[in-house]
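Student: Structure supplied as final.cif; contents: mmCIF, C-alpha atoms and all ligand atoms.
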data_final
#
loop_
_atom_site.label_atom_id
_atom_site.label_comp_id
_atom_site.auth_asym_id
_atom_site.auth_seq_id
_atom_site.Cartn_x
_atom_site.Cartn_y
_atom_site.Cartn_z
CA MET A 1 -14.17 14.26 25.52
CA LYS A 2 -11.19 14.62 23.16
CA ILE A 3 -11.67 12.19 20.29
CA GLY A 4 -9.32 11.27 17.44
CA VAL A 5 -11.04 10.13 14.22
CA VAL A 6 -9.29 8.14 11.51
CA CYS A 7 -11.13 7.44 8.26
CA TYR A 8 -10.87 7.47 4.48
CA PRO A 9 -11.40 11.11 3.52
CA THR A 10 -13.06 10.23 0.19
CA TYR A 11 -16.67 10.04 -1.06
CA GLY A 12 -17.18 6.47 0.26
CA GLY A 13 -19.86 5.75 2.83
CA SER A 14 -17.46 5.07 5.70
CA GLY A 15 -15.68 8.40 5.26
CA VAL A 16 -18.94 10.31 4.99
CA LEU A 17 -20.33 8.64 8.07
CA ALA A 18 -17.13 9.17 10.09
CA THR A 19 -17.00 12.85 9.16
CA GLU A 20 -20.66 13.50 9.94
CA LEU A 21 -20.28 11.65 13.24
CA GLY A 22 -17.24 13.74 14.17
CA LYS A 23 -19.01 16.99 13.23
CA GLY A 24 -22.08 15.93 15.21
CA LEU A 25 -19.99 15.13 18.29
CA ALA A 26 -18.21 18.49 17.96
CA ARG A 27 -21.62 20.23 17.96
CA ARG A 28 -22.28 18.47 21.25
CA GLY A 29 -19.15 20.03 22.75
CA HIS A 30 -16.50 17.34 22.20
CA ASP A 31 -13.13 18.18 20.66
CA VAL A 32 -12.79 16.13 17.49
CA HIS A 33 -9.45 15.64 15.72
CA PHE A 34 -9.56 14.18 12.20
CA ILE A 35 -6.32 12.44 11.24
CA THR A 36 -6.34 11.57 7.52
CA TYR A 37 -4.23 11.85 4.37
CA SER A 38 -6.36 14.67 2.98
CA GLN A 39 -9.21 16.86 4.18
CA PRO A 40 -12.37 14.70 4.38
CA VAL A 41 -14.84 15.72 1.66
CA ARG A 42 -17.61 16.51 4.10
CA LEU A 43 -15.25 18.60 6.27
CA ASN A 44 -15.72 21.56 3.98
CA SER A 45 -16.29 24.50 6.28
CA PHE A 46 -15.06 25.85 9.58
CA GLN A 47 -16.66 24.36 12.67
CA ASN A 48 -15.92 24.96 16.30
CA ASN A 49 -14.19 22.09 18.16
CA VAL A 50 -13.11 20.41 14.92
CA TYR A 51 -9.41 19.98 14.10
CA TYR A 52 -7.68 18.46 11.11
CA HIS A 53 -4.23 16.83 11.06
CA GLU A 54 -2.85 15.83 7.68
CA VAL A 55 -0.79 12.66 7.37
CA ARG A 56 2.11 13.17 4.98
CA ASP A 57 3.91 10.25 3.38
CA ALA A 58 7.68 10.22 3.30
CA ASP A 59 8.65 10.53 -0.35
CA TYR A 60 11.73 8.37 -0.94
CA PRO A 61 12.81 6.74 -4.23
CA LEU A 62 13.26 3.32 -2.57
CA PHE A 63 9.53 3.00 -1.92
CA GLN A 64 7.41 1.52 -4.68
CA TYR A 65 4.50 1.83 -2.22
CA PRO A 66 4.99 4.68 0.26
CA PRO A 67 4.46 3.21 3.77
CA TYR A 68 1.28 5.11 4.63
CA ASP A 69 0.53 2.89 7.63
CA THR A 70 3.81 3.90 9.25
CA ALA A 71 3.23 7.60 8.57
CA LEU A 72 -0.30 7.36 10.00
CA THR A 73 0.93 5.53 13.11
CA SER A 74 3.55 8.20 13.81
CA LYS A 75 0.93 10.91 13.35
CA LEU A 76 -1.45 9.17 15.73
CA VAL A 77 1.24 8.89 18.40
CA ASP A 78 1.97 12.58 17.99
CA VAL A 79 -1.65 13.78 18.04
CA VAL A 80 -2.71 11.54 20.94
CA LYS A 81 0.22 12.82 23.04
CA TYR A 82 0.12 16.50 22.23
CA GLU A 83 -3.62 17.00 21.94
CA LYS A 84 -4.16 14.78 25.02
CA LEU A 85 -6.82 12.66 23.35
CA ASP A 86 -9.07 10.43 25.47
CA LEU A 87 -10.00 7.96 22.73
CA LEU A 88 -9.25 7.02 19.13
CA HIS A 89 -12.14 6.05 16.87
CA VAL A 90 -11.03 4.40 13.63
CA HIS A 91 -13.40 3.75 10.74
CA TYR A 92 -12.85 0.82 8.34
CA ALA A 93 -10.69 -1.95 9.76
CA ILE A 94 -8.05 -1.97 7.00
CA PRO A 95 -5.49 -0.67 7.85
CA HIS A 96 -6.89 1.62 10.52
CA ALA A 97 -7.51 -0.94 13.28
CA THR A 98 -3.96 -2.27 12.86
CA VAL A 99 -2.45 1.19 12.85
CA ALA A 100 -4.40 2.12 15.98
CA TYR A 101 -3.09 -0.99 17.72
CA LEU A 102 0.50 -0.13 16.82
CA ALA A 103 0.08 3.47 17.99
CA LYS A 104 -1.41 2.18 21.22
CA LYS A 105 1.58 -0.10 21.78
CA ILE A 106 4.07 2.70 21.12
CA LEU A 107 2.24 5.03 23.49
CA LEU A 108 2.21 2.30 26.11
CA THR A 109 6.01 2.28 26.16
CA GLN A 110 5.71 5.95 27.12
CA GLY A 111 3.27 5.23 29.96
CA ARG A 112 0.18 6.37 28.04
CA TYR A 113 -2.83 4.17 27.29
CA ILE A 114 -5.17 5.26 24.51
CA PRO A 115 -8.41 3.27 24.21
CA THR A 116 -9.39 2.49 20.61
CA VAL A 117 -12.77 1.91 19.00
CA THR A 118 -13.02 0.32 15.55
CA THR A 119 -16.14 0.70 13.43
CA LEU A 120 -16.61 -1.99 10.79
CA HIS A 121 -18.30 -0.59 7.70
CA GLY A 122 -18.74 -3.44 5.26
CA THR A 123 -16.24 -4.22 2.58
CA ASP A 124 -13.48 -4.21 5.24
CA ILE A 125 -15.15 -7.48 6.33
CA THR A 126 -17.30 -8.82 3.49
CA LEU A 127 -14.91 -8.33 0.54
CA VAL A 128 -11.42 -7.13 1.36
CA GLY A 129 -11.13 -8.34 4.94
CA LYS A 130 -11.90 -11.96 4.20
CA ASN A 131 -9.23 -12.06 1.48
CA GLN A 132 -6.31 -14.18 2.76
CA ALA A 133 -3.98 -11.25 2.06
CA PHE A 134 -5.58 -9.44 5.00
CA HIS A 135 -7.58 -11.95 7.06
CA PRO A 136 -5.15 -12.73 9.94
CA VAL A 137 -4.23 -9.08 10.41
CA VAL A 138 -7.85 -7.90 10.37
CA GLU A 139 -8.88 -10.59 12.89
CA PHE A 140 -5.99 -9.71 15.21
CA ALA A 141 -6.60 -5.96 15.02
CA ILE A 142 -10.34 -6.30 15.69
CA ASN A 143 -9.61 -8.43 18.75
CA LYS A 144 -7.11 -5.83 19.99
CA SER A 145 -9.56 -2.92 19.73
CA ASP A 146 -11.02 -1.84 23.06
CA GLY A 147 -14.42 -1.43 21.43
CA VAL A 148 -15.89 -2.66 18.15
CA THR A 149 -19.04 -1.48 16.42
CA ALA A 150 -20.73 -2.65 13.22
CA VAL A 151 -23.22 -0.68 11.15
CA SER A 152 -25.88 -3.40 10.97
CA ASN A 153 -26.85 -6.74 12.52
CA SER A 154 -26.01 -8.35 9.21
CA LEU A 155 -22.43 -7.02 9.30
CA ARG A 156 -22.04 -8.11 12.91
CA LYS A 157 -23.11 -11.63 11.93
CA ASP A 158 -20.79 -11.69 8.88
CA THR A 159 -17.88 -10.63 11.09
CA LEU A 160 -18.58 -13.34 13.66
CA ASP A 161 -19.02 -15.94 10.88
CA GLN A 162 -15.82 -15.06 9.02
CA PHE A 163 -13.42 -14.30 11.87
CA ASN A 164 -12.59 -15.73 15.24
CA ILE A 165 -13.74 -12.74 17.27
CA GLU A 166 -13.34 -12.60 21.05
CA LYS A 167 -14.90 -9.16 21.43
CA ASP A 168 -18.49 -8.06 21.77
CA ILE A 169 -19.57 -6.17 18.68
CA ARG A 170 -22.06 -3.38 19.31
CA VAL A 171 -24.43 -2.58 16.44
CA ILE A 172 -24.82 1.16 15.87
CA TYR A 173 -26.65 1.88 12.64
CA ASN A 174 -25.73 4.47 10.02
CA PHE A 175 -27.60 7.73 10.54
CA ILE A 176 -28.98 10.66 8.60
CA ASP A 177 -29.17 14.41 9.03
CA LEU A 178 -32.87 15.06 8.42
CA GLU A 179 -32.32 18.82 8.23
CA ARG A 180 -30.14 18.36 5.18
CA PHE A 181 -31.78 15.36 3.51
CA ARG A 182 -35.43 16.23 3.05
CA LYS A 183 -37.91 16.73 0.27
CA ALA A 184 -37.55 20.23 -1.14
CA ASN A 185 -39.37 21.93 -3.95
CA LYS A 186 -37.05 21.87 -6.95
CA ASP A 187 -39.72 21.95 -9.68
CA HIS A 188 -37.66 24.13 -12.06
CA PHE A 189 -34.81 21.65 -11.81
CA LYS A 190 -37.15 18.67 -12.26
CA LYS A 191 -38.56 20.28 -15.39
CA ALA A 192 -35.08 20.67 -16.85
CA ILE A 193 -34.33 16.97 -16.39
CA ALA A 194 -37.79 15.60 -17.20
CA PRO A 195 -39.59 18.25 -19.33
CA ASN A 196 -42.57 16.02 -20.13
CA GLY A 197 -43.20 14.85 -16.58
CA GLU A 198 -41.19 11.64 -16.99
CA LYS A 199 -40.44 9.69 -13.80
CA ILE A 200 -36.91 10.21 -12.50
CA LEU A 201 -34.92 7.19 -11.35
CA ILE A 202 -31.65 7.71 -9.52
CA HIS A 203 -28.61 5.73 -8.45
CA THR A 204 -25.72 7.11 -6.41
CA SER A 205 -22.56 5.16 -5.67
CA ASN A 206 -18.80 4.94 -6.10
CA PHE A 207 -19.25 2.81 -9.24
CA ARG A 208 -17.35 -0.15 -7.85
CA LYS A 209 -18.17 -3.63 -9.17
CA VAL A 210 -19.99 -4.47 -5.95
CA LYS A 211 -22.61 -1.78 -6.75
CA ARG A 212 -23.67 -3.61 -9.95
CA VAL A 213 -24.33 -0.35 -11.81
CA GLU A 214 -24.86 -2.31 -15.03
CA ASP A 215 -27.90 -3.87 -13.32
CA VAL A 216 -29.19 -0.35 -12.72
CA VAL A 217 -29.11 0.24 -16.48
CA HIS A 218 -30.79 -3.12 -17.22
CA ILE A 219 -33.56 -2.33 -14.72
CA PHE A 220 -33.97 1.14 -16.22
CA LYS A 221 -34.28 -0.27 -19.74
CA ARG A 222 -37.14 -2.54 -18.67
CA ILE A 223 -38.96 0.27 -16.88
CA TYR A 224 -38.42 2.64 -19.83
CA GLU A 225 -40.17 0.19 -22.13
CA LYS A 226 -43.37 0.61 -20.04
CA ILE A 227 -43.19 4.05 -18.41
CA PRO A 228 -41.62 7.32 -19.68
CA CYS A 229 -38.62 7.91 -17.44
CA LYS A 230 -35.09 9.28 -17.08
CA LEU A 231 -32.12 7.90 -15.17
CA LEU A 232 -29.63 9.95 -13.15
CA LEU A 233 -26.33 8.24 -12.37
CA VAL A 234 -24.48 10.08 -9.63
CA GLY A 235 -20.89 9.29 -8.65
CA ASP A 236 -17.85 7.96 -10.37
CA GLY A 237 -15.49 5.03 -10.13
CA PRO A 238 -13.89 2.07 -11.88
CA GLU A 239 -17.08 0.75 -13.54
CA ARG A 240 -18.11 4.01 -15.15
CA ALA A 241 -16.60 3.27 -18.58
CA ASN A 242 -18.34 -0.14 -18.74
CA VAL A 243 -21.65 1.41 -17.78
CA GLU A 244 -21.30 4.13 -20.43
CA ARG A 245 -20.54 1.43 -23.02
CA LEU A 246 -23.67 -0.46 -22.00
CA CYS A 247 -25.82 2.67 -22.32
CA ARG A 248 -24.52 3.13 -25.87
CA GLU A 249 -25.12 -0.53 -26.74
CA ILE A 250 -28.75 -0.41 -25.66
CA GLY A 251 -29.24 2.98 -27.32
CA LEU A 252 -30.46 4.85 -24.24
CA CYS A 253 -27.72 7.45 -23.78
CA HIS A 254 -30.19 10.29 -24.37
CA GLU A 255 -32.31 9.18 -21.39
CA ILE A 256 -29.43 8.54 -18.97
CA ARG A 257 -27.42 11.38 -17.41
CA PHE A 258 -24.00 10.74 -15.86
CA LEU A 259 -23.61 13.50 -13.30
CA GLY A 260 -20.27 12.46 -11.76
CA LYS A 261 -19.42 13.17 -8.14
CA GLN A 262 -21.86 15.63 -6.63
CA GLU A 263 -21.54 17.49 -3.35
CA ALA A 264 -25.25 18.34 -2.92
CA VAL A 265 -26.77 14.87 -3.48
CA GLU A 266 -29.85 15.94 -1.55
CA GLU A 267 -30.81 18.36 -4.36
CA LEU A 268 -30.84 15.49 -6.84
CA LEU A 269 -32.71 13.18 -4.48
CA ALA A 270 -35.29 15.94 -4.01
CA ILE A 271 -36.43 15.56 -7.64
CA ALA A 272 -36.20 11.76 -7.82
CA ASP A 273 -39.11 9.32 -7.82
CA LEU A 274 -37.31 6.03 -7.24
CA PHE A 275 -33.87 4.98 -5.98
CA LEU A 276 -32.17 1.89 -7.43
CA MET A 277 -29.62 -0.07 -5.38
CA PRO A 278 -29.05 -3.57 -6.81
CA SER A 279 -25.73 -4.09 -4.90
CA GLY A 280 -24.00 -7.45 -4.70
CA SER A 281 -22.97 -6.67 -1.12
CA GLU A 282 -24.12 -3.87 1.17
CA SER A 283 -23.59 -3.79 4.91
CA PHE A 284 -26.17 -1.04 5.43
CA GLY A 285 -26.80 1.14 2.37
CA LEU A 286 -26.34 4.72 3.51
CA ALA A 287 -27.21 5.99 0.03
CA ALA A 288 -30.61 4.27 0.25
CA LEU A 289 -31.24 5.90 3.63
CA GLU A 290 -30.40 9.32 2.15
CA ALA A 291 -32.96 8.70 -0.59
CA MET A 292 -35.62 7.57 1.87
CA ALA A 293 -35.14 10.72 3.95
CA CYS A 294 -36.04 12.63 0.75
CA GLU A 295 -39.22 10.53 0.42
CA VAL A 296 -37.84 8.38 -2.36
CA PRO A 297 -38.83 4.67 -2.20
CA VAL A 298 -36.09 2.12 -2.89
CA ILE A 299 -35.81 -0.83 -5.25
CA SER A 300 -32.87 -2.85 -3.94
CA SER A 301 -31.31 -6.24 -3.63
CA ASN A 302 -31.99 -8.16 -0.42
CA ILE A 303 -28.32 -8.58 0.47
CA GLY A 304 -26.51 -7.80 3.75
CA GLY A 305 -28.03 -5.05 5.87
CA LEU A 306 -30.41 -3.74 3.19
CA PRO A 307 -33.48 -5.51 4.67
CA GLU A 308 -32.78 -3.67 7.96
CA VAL A 309 -33.13 -0.35 6.11
CA ASN A 310 -35.46 -0.87 3.15
CA ILE A 311 -38.58 -2.68 4.34
CA GLU A 312 -40.14 -5.05 1.82
CA GLY A 313 -43.56 -3.85 0.63
CA VAL A 314 -43.40 -0.78 2.91
CA THR A 315 -40.56 1.54 1.84
CA GLY A 316 -39.74 -0.29 -1.38
CA PHE A 317 -39.09 -3.77 -2.71
CA LEU A 318 -36.17 -6.18 -2.35
CA SER A 319 -35.07 -8.95 -4.74
CA ASP A 320 -32.27 -11.46 -5.05
CA VAL A 321 -28.99 -10.04 -6.35
CA GLY A 322 -29.06 -9.98 -10.17
CA ASN A 323 -32.82 -10.46 -10.50
CA VAL A 324 -33.24 -7.37 -12.67
CA ASP A 325 -36.55 -8.62 -14.10
CA GLU A 326 -38.18 -8.70 -10.68
CA MET A 327 -36.63 -5.37 -9.66
CA ALA A 328 -37.98 -3.75 -12.83
CA ALA A 329 -41.42 -5.36 -12.39
CA ASN A 330 -41.62 -4.03 -8.83
CA ALA A 331 -40.59 -0.56 -9.97
CA ILE A 332 -43.25 -0.58 -12.71
CA ARG A 333 -45.88 -1.77 -10.22
CA LEU A 334 -45.00 1.00 -7.79
CA LEU A 335 -44.69 3.84 -10.30
CA GLY A 336 -47.95 2.76 -11.95
CA ASN A 337 -50.03 2.85 -8.77
CA GLU A 338 -50.41 6.41 -7.47
CA THR A 339 -51.96 5.38 -4.12
CA MET A 340 -49.29 2.81 -3.35
CA PHE A 341 -46.54 5.18 -4.50
CA LYS A 342 -47.75 7.97 -2.18
CA GLU A 343 -47.91 5.55 0.73
CA PHE A 344 -44.38 4.23 0.08
CA LYS A 345 -43.01 7.77 -0.08
CA SER A 346 -44.41 8.62 3.30
CA ASN A 347 -43.29 5.25 4.73
CA ALA A 348 -39.78 5.90 3.41
CA LEU A 349 -39.57 9.16 5.35
CA GLN A 350 -40.99 7.54 8.50
CA GLN A 351 -38.41 4.76 8.29
CA ALA A 352 -35.58 7.27 7.72
CA GLU A 353 -36.65 9.11 10.86
CA GLN A 354 -35.67 6.03 12.88
CA PHE A 355 -32.06 6.75 11.89
CA ASP A 356 -32.03 10.44 12.84
CA ILE A 357 -28.47 11.54 13.70
CA GLU A 358 -29.79 13.17 16.85
CA ASN A 359 -30.78 9.73 18.17
CA VAL A 360 -27.56 8.03 17.10
CA LEU A 361 -24.99 10.52 18.47
CA PRO A 362 -25.88 9.68 22.11
CA LEU A 363 -25.42 5.97 21.30
CA TYR A 364 -21.80 6.62 20.31
CA GLU A 365 -21.24 8.84 23.38
CA GLU A 366 -22.64 6.14 25.60
CA TYR A 367 -20.48 3.52 23.88
CA TYR A 368 -17.30 5.62 24.25
CA GLN A 369 -18.11 6.02 27.96
CA HIS A 370 -18.61 2.27 28.25
CA VAL A 371 -15.23 1.62 26.56
CA LEU A 372 -13.44 4.15 28.79
CA GLU A 373 -14.95 2.55 31.90
CA THR A 374 -14.34 -1.07 30.94
CA THR A 375 -10.91 -0.86 29.28
CA VAL A 376 -8.31 -2.67 31.35
CA TYR A 377 -5.44 -0.22 31.57
CA ASP A 378 -2.06 -1.85 31.42
CA TYR A 379 0.93 0.43 31.56
CA LYS A 380 3.54 -2.30 31.57
CA PRO A 381 5.53 -2.10 28.36
CA ARG A 382 5.55 -5.54 26.69
O1 LIG B 401 -20.41 1.60 -0.31
C1 LIG B 401 -19.20 1.62 -0.47
O2 LIG B 401 -18.61 0.94 -1.30
C2 LIG B 401 -18.37 2.50 0.41
C3 LIG B 401 -18.21 1.84 1.72
C4 LIG B 401 -17.16 2.47 2.54
O3 LIG B 401 -16.76 1.83 3.49
O4 LIG B 401 -16.67 3.55 2.29
O5 LIG B 401 -19.52 1.82 2.33
C5 LIG B 401 -19.78 0.90 3.35
O6 LIG B 401 -20.00 1.68 4.51
C6 LIG B 401 -21.21 2.46 4.51
C7 LIG B 401 -21.23 3.29 5.80
O7 LIG B 401 -21.20 2.48 6.93
C8 LIG B 401 -22.42 1.52 4.38
O8 LIG B 401 -23.62 2.26 4.41
C9 LIG B 401 -22.29 0.77 3.05
O9 LIG B 401 -23.36 -0.15 2.95
C10 LIG B 401 -20.97 0.01 3.00
N1 LIG B 401 -20.80 -0.56 1.66
C11 LIG B 401 -20.79 -1.89 1.43
O10 LIG B 401 -20.98 -2.72 2.31
C12 LIG B 401 -20.58 -2.28 0.03
#
Will you turn the file into structure tokens for me?
Ligand code: GMT
Tutor:
Amino acid sequence: MKIGVVCYPTYGGSGVLATELGKGLARRGHDVHFITYSQPVRLNSFQNNVYYHEVRDADYPLFQYPPYDTALTSKLVDVVKYEKLDLLHVHYAIPHATVAYLAKKILLTQGRYIPTVTTLHGTDITLVGKNQAFHPVVEFAINKSDGVTAVSNSLRKDTLDQFNIEKDIRVIYNFIDLERFRKANKDHFKKAIAPNGEKILIHTSNFRKVKRVEDVVHIFKRIYEKIPCKLLLVGDGPERANVERLCREIGLCHEIRFLGKQEAVEELLAIADLFLMPSGSESFGLAALEAMACEVPVISSNIGGLPEVNIEGVTGFLSDVGNVDEMAANAIRLLGNETMFKEFKSNALQQAEQFDIENVLPLYEEYYQHVLETTVYDYKPR
């Protein structure tokens, strides 16, 4: 199959997932064309069957906001036509589902129908999408997609609750490459971070408000008062300055390392003991899954799709959003009980194995096939 993939090329979960999905499909013999405004971060080496088409904005002094949507639409029309794509898969509804619809309509006037699949990732529904500035457009574009998937049952439910959706939404979970994310012996590295055998806590995110990184620091402070430990903060984003200020206020800067954006997250997860994810909204929690694959139990909030990934009392513990006291108490309980801790580590890996990319790729292939077979082709220009 010849598949066009549209996504955000940045470090966010949706872009990472879209890129890994495309690469996985290419390994299975499909031709995969990425169409984005810059090279996706995980598209960092040559791979057979993978193509990249850069979208370039028109630079004109009249534009306060360069019309990216228009440039992307034109690029899609071009790539679909000249690369003879069979299907377009767009990740994150805003603006990609709308752009795909417009490209489809333009191609239709030229006697060409391109089926489109939209994958909903989370904030495109739960935060941004429900904002009145976007709501009617997002609802329309989802209904005009030939196929719609969501990354968890929770996100599917949120979408149906918040929009008037006439389409079936297929749940296809986030996935993990177990070859890459696995426990590895990095003792020398662990010693450098925690020379006296301190426990290592870790949080990775894009430091947006929704991630509640300040809660991570509050949880850490409570744990630190009972158990010797260090905190690794991986990633960067708008909340970073606030979080740094908080670390200074509570006087724990020497125990907390800000590592910024990191390519090889798996090497950091390999030395971690506990992953903290106190998010205020989380459709799935790909970062938690990555930790679990490295045998790291998770202390998280119980919001959104997190209970579908992190199993209460099995792979970690879940608490109400903002309940940092309970999250810290659970972490202390777990880190202080060697038998329970060992069991949770092994459970975390077992749970991660359920989301093996090798099991999920065929689900997308099967879904694409279903969309191609059930799409009602209509060549009449309207
Ligand atoms: O987590 C983020 O803020 C990034 C965001 C994105 O769309 O780039 O991630 C969302 O998609 C991921 C992949 O499907 C999910 O695992 C994340 O849970 C989801 N984030 C939120 O819902 C906040």
Student: Using all atoms listed in the file, which residue out of A:Gln369, A:Ser301, A:Ser279, A:Asn359 lies closest to ligand LIG 401 (chain B)?
Tutor: A:Ser279
Student: Which residues, written as a list in words, have at least one atom at most 12 Å from Gln132 of chain A, with all atoms listed in the file counted and residues fewer than 6 positions away on the same chain left out?
Tutor: Ile125, Val138, Glu139, Gln162 and Phe163 of chain A
Student: So which residues are near ligand LIG 401 (chain B), meaning at most 9 Å away with only C-alpha atoms and all ligand atoms counted, given back as an MDAnalysis selection string?
Tutor: chainID A and resid 8 10:18 91:92 119:127 150:152 155 173:174 205:208 210:211 279:289 304:306
Student: Emit the selected residues as a PDB file, in the frame of the given file, including C-alpha atoms.
Tutor:
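The result, written out as selection24.pdb:
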ATOM      1  CA  TYR A   8     -10.870   7.470   4.480  1.00  0.00           C
ATOM      2  CA  THR A  10     -13.060  10.230   0.190  1.00  0.00           C
ATOM      3  CA  TYR A  11     -16.670  10.040  -1.060  1.00  0.00           C
ATOM      4  CA  GLY A  12     -17.180   6.470   0.260  1.00  0.00           C
ATOM      5  CA  GLY A  13     -19.860   5.750   2.830  1.00  0.00           C
ATOM      6  CA  SER A  14     -17.460   5.070   5.700  1.00  0.00           C
ATOM      7  CA  GLY A  15     -15.680   8.400   5.260  1.00  0.00           C
ATOM      8  CA  VAL A  16     -18.940  10.310   4.990  1.00  0.00           C
ATOM      9  CA  LEU A  17     -20.330   8.640   8.070  1.00  0.00           C
ATOM     10  CA  ALA A  18     -17.130   9.170  10.090  1.00  0.00           C
ATOM     11  CA  HIS A  91     -13.400   3.750  10.740  1.00  0.00           C
ATOM     12  CA  TYR A  92     -12.850   0.820   8.340  1.00  0.00           C
ATOM     13  CA  THR A 119     -16.140   0.700  13.430  1.00  0.00           C
ATOM     14  CA  LEU A 120     -16.610  -1.990  10.790  1.00  0.00           C
ATOM     15  CA  HIS A 121     -18.300  -0.590   7.700  1.00  0.00           C
ATOM     16  CA  GLY A 122     -18.740  -3.440   5.260  1.00  0.00           C
ATOM     17  CA  THR A 123     -16.240  -4.220   2.580  1.00  0.00           C
ATOM     18  CA  ASP A 124     -13.480  -4.210   5.240  1.00  0.00           C
ATOM     19  CA  ILE A 125     -15.150  -7.480   6.330  1.00  0.00           C
ATOM     20  CA  THR A 126     -17.300  -8.820   3.490  1.00  0.00           C
ATOM     21  CA  LEU A 127     -14.910  -8.330   0.540  1.00  0.00           C
ATOM     22  CA  ALA A 150     -20.730  -2.650  13.220  1.00  0.00           C
ATOM     23  CA  VAL A 151     -23.220  -0.680  11.150  1.00  0.00           C
ATOM     24  CA  SER A 152     -25.880  -3.400  10.970  1.00  0.00           C
ATOM     25  CA  LEU A 155     -22.430  -7.020   9.300  1.00  0.00           C
ATOM     26  CA  TYR A 173     -26.650   1.880  12.640  1.00  0.00           C
ATOM     27  CA  ASN A 174     -25.730   4.470  10.020  1.00  0.00           C
ATOM     28  CA  SER A 205     -22.560   5.160  -5.670  1.00  0.00           C
ATOM     29  CA  ASN A 206     -18.800   4.940  -6.100  1.00  0.00           C
ATOM     30  CA  PHE A 207     -19.250   2.810  -9.240  1.00  0.00           C
ATOM     31  CA  ARG A 208     -17.350  -0.150  -7.850  1.00  0.00           C
ATOM     32  CA  VAL A 210     -19.990  -4.470  -5.950  1.00  0.00           C
ATOM     33  CA  LYS A 211     -22.610  -1.780  -6.750  1.00  0.00           C
ATOM     34  CA  SER A 279     -25.730  -4.090  -4.900  1.00  0.00           C
ATOM     35  CA  GLY A 280     -24.000  -7.450  -4.700  1.00  0.00           C
ATOM     36  CA  SER A 281     -22.970  -6.670  -1.120  1.00  0.00           C
ATOM     37  CA  GLU A 282     -24.120  -3.870   1.170  1.00  0.00           C
ATOM     38  CA  SER A 283     -23.590  -3.790   4.910  1.00  0.00           C
ATOM     39  CA  PHE A 284     -26.170  -1.040   5.430  1.00  0.00           C
ATOM     40  CA  GLY A 285     -26.800   1.140   2.370  1.00  0.00           C
ATOM     41  CA  LEU A 286     -26.340   4.720   3.510  1.00  0.00           C
ATOM     42  CA  ALA A 287     -27.210   5.990   0.030  1.00  0.00           C
ATOM     43  CA  ALA A 288     -30.610   4.270   0.250  1.00  0.00           C
ATOM     44  CA  LEU A 289     -31.240   5.900   3.630  1.00  0.00           C
ATOM     45  CA  GLY A 304     -26.510  -7.800   3.750  1.00  0.00           C
ATOM     46  CA  GLY A 305     -28.030  -5.050   5.870  1.00  0.00           C
ATOM     47  CA  LEU A 306     -30.410  -3.740   3.190  1.00  0.00           C
TER      48      LEU A 306
END
Student: Measure the distance from atom CA of Pro115 of chain A to atom CA of Arg27 of chain A in Å and round it to one decimal.
Tutor: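 These atoms are spaced 22.4 Å apart.
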Student: Counting all atoms listed in the file, what is within 12 Å of Gln350 of chain A, bar same-chain residues fewer than 4 positions away, as a PyMOL selection string?
Tutor: chain A and resi 178+182+289+292-297+309-311+314-315+343-346+354-356
Student: What are the nearest atom pairs, with distances in Å to one decimal, for all residues of segment 145-220 of chain A that come at most 10 Å from segment 224-229 of chain A, using all atoms listed in the file, set out by chain and rising residue number as a Markdown table?
Tutor:
| residue | atom | partner | partner_atom | distance |
| --- | --- | --- | --- | --- |
| A:Ala194 | CA | A:Cys229 | CA | 7.7 |
| A:Asn196 | CA | A:Pro228 | CA | 8.8 |
| A:Gly197 | CA | A:Pro228 | CA | 8.3 |
| A:Glu198 | CA | A:Cys229 | CA | 4.6 |
| A:Lys199 | CA | A:Cys229 | CA | 4.4 |
| A:Ile200 | CA | A:Cys229 | CA | 5.7 |
| A:Leu201 | CA | A:Cys229 | CA | 7.2 |
| A:His218 | CA | A:Tyr224 | CA | 9.9 |
| A:Ile219 | CA | A:Tyr224 | CA | 8.6 |
| A:Phe220 | CA | A:Tyr224 | CA | 5.9 |
Student: If I take atom CA of Pro278 of chain A and atom CA of Asn330 of chain A, how far is one from the other in Å, to one decimal?
Tutor: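 Between these atoms lies a distance of 12.7 Å.
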Student: Calculate how many Å separate atom CA of Leu88 of chain A from atom CA of Glu263 of chain A, rounding to one decimal.
Tutor: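 Separating atom CA of Leu88 of chain A from atom CA of Glu263 of chain A is a distance of 27.7 Å.
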Student: Name the residues in contact with Val376 of chain A at a cut-off of 10 Å, using only C-alpha atoms, excluding same-chain residues fewer than 3 positions from it; report them as an mmCIF file with C-alpha atoms, in the coordinates of the input.
Tutor:
data_model
loop_
_atom_site.group_PDB
_atom_site.id
_atom_site.type_symbol
_atom_site.label_atom_id
_atom_site.label_comp_id
_atom_site.auth_asym_id
_atom_site.auth_seq_id
_atom_site.Cartn_x
_atom_site.Cartn_y
_atom_site.Cartn_z
ATOM 1 C CA TYR A 113 -2.830 4.170 27.290
ATOM 2 C CA PRO A 115 -8.410 3.270 24.210
ATOM 3 C CA ASP A 146 -11.020 -1.840 23.060
ATOM 4 C CA VAL A 371 -15.230 1.620 26.560
ATOM 5 C CA LEU A 372 -13.440 4.150 28.790
ATOM 6 C CA GLU A 373 -14.950 2.550 31.900
ATOM 7 C CA TYR A 379 0.930 0.430 31.560
#
Student: If we count all atoms listed in the file and set the cut-off at 9 Å, which residues sit around Leu232 of chain A, ignoring sequence neighbours fewer than 2 positions away in its own chain? Please answer as a list in words.
Tutor: Ile200, Leu201, Ile202, His203, Thr204, Lys230, Val234, Glu255, Ile256, Arg257, Phe258, Leu259, Leu268 and Ala272 of chain A
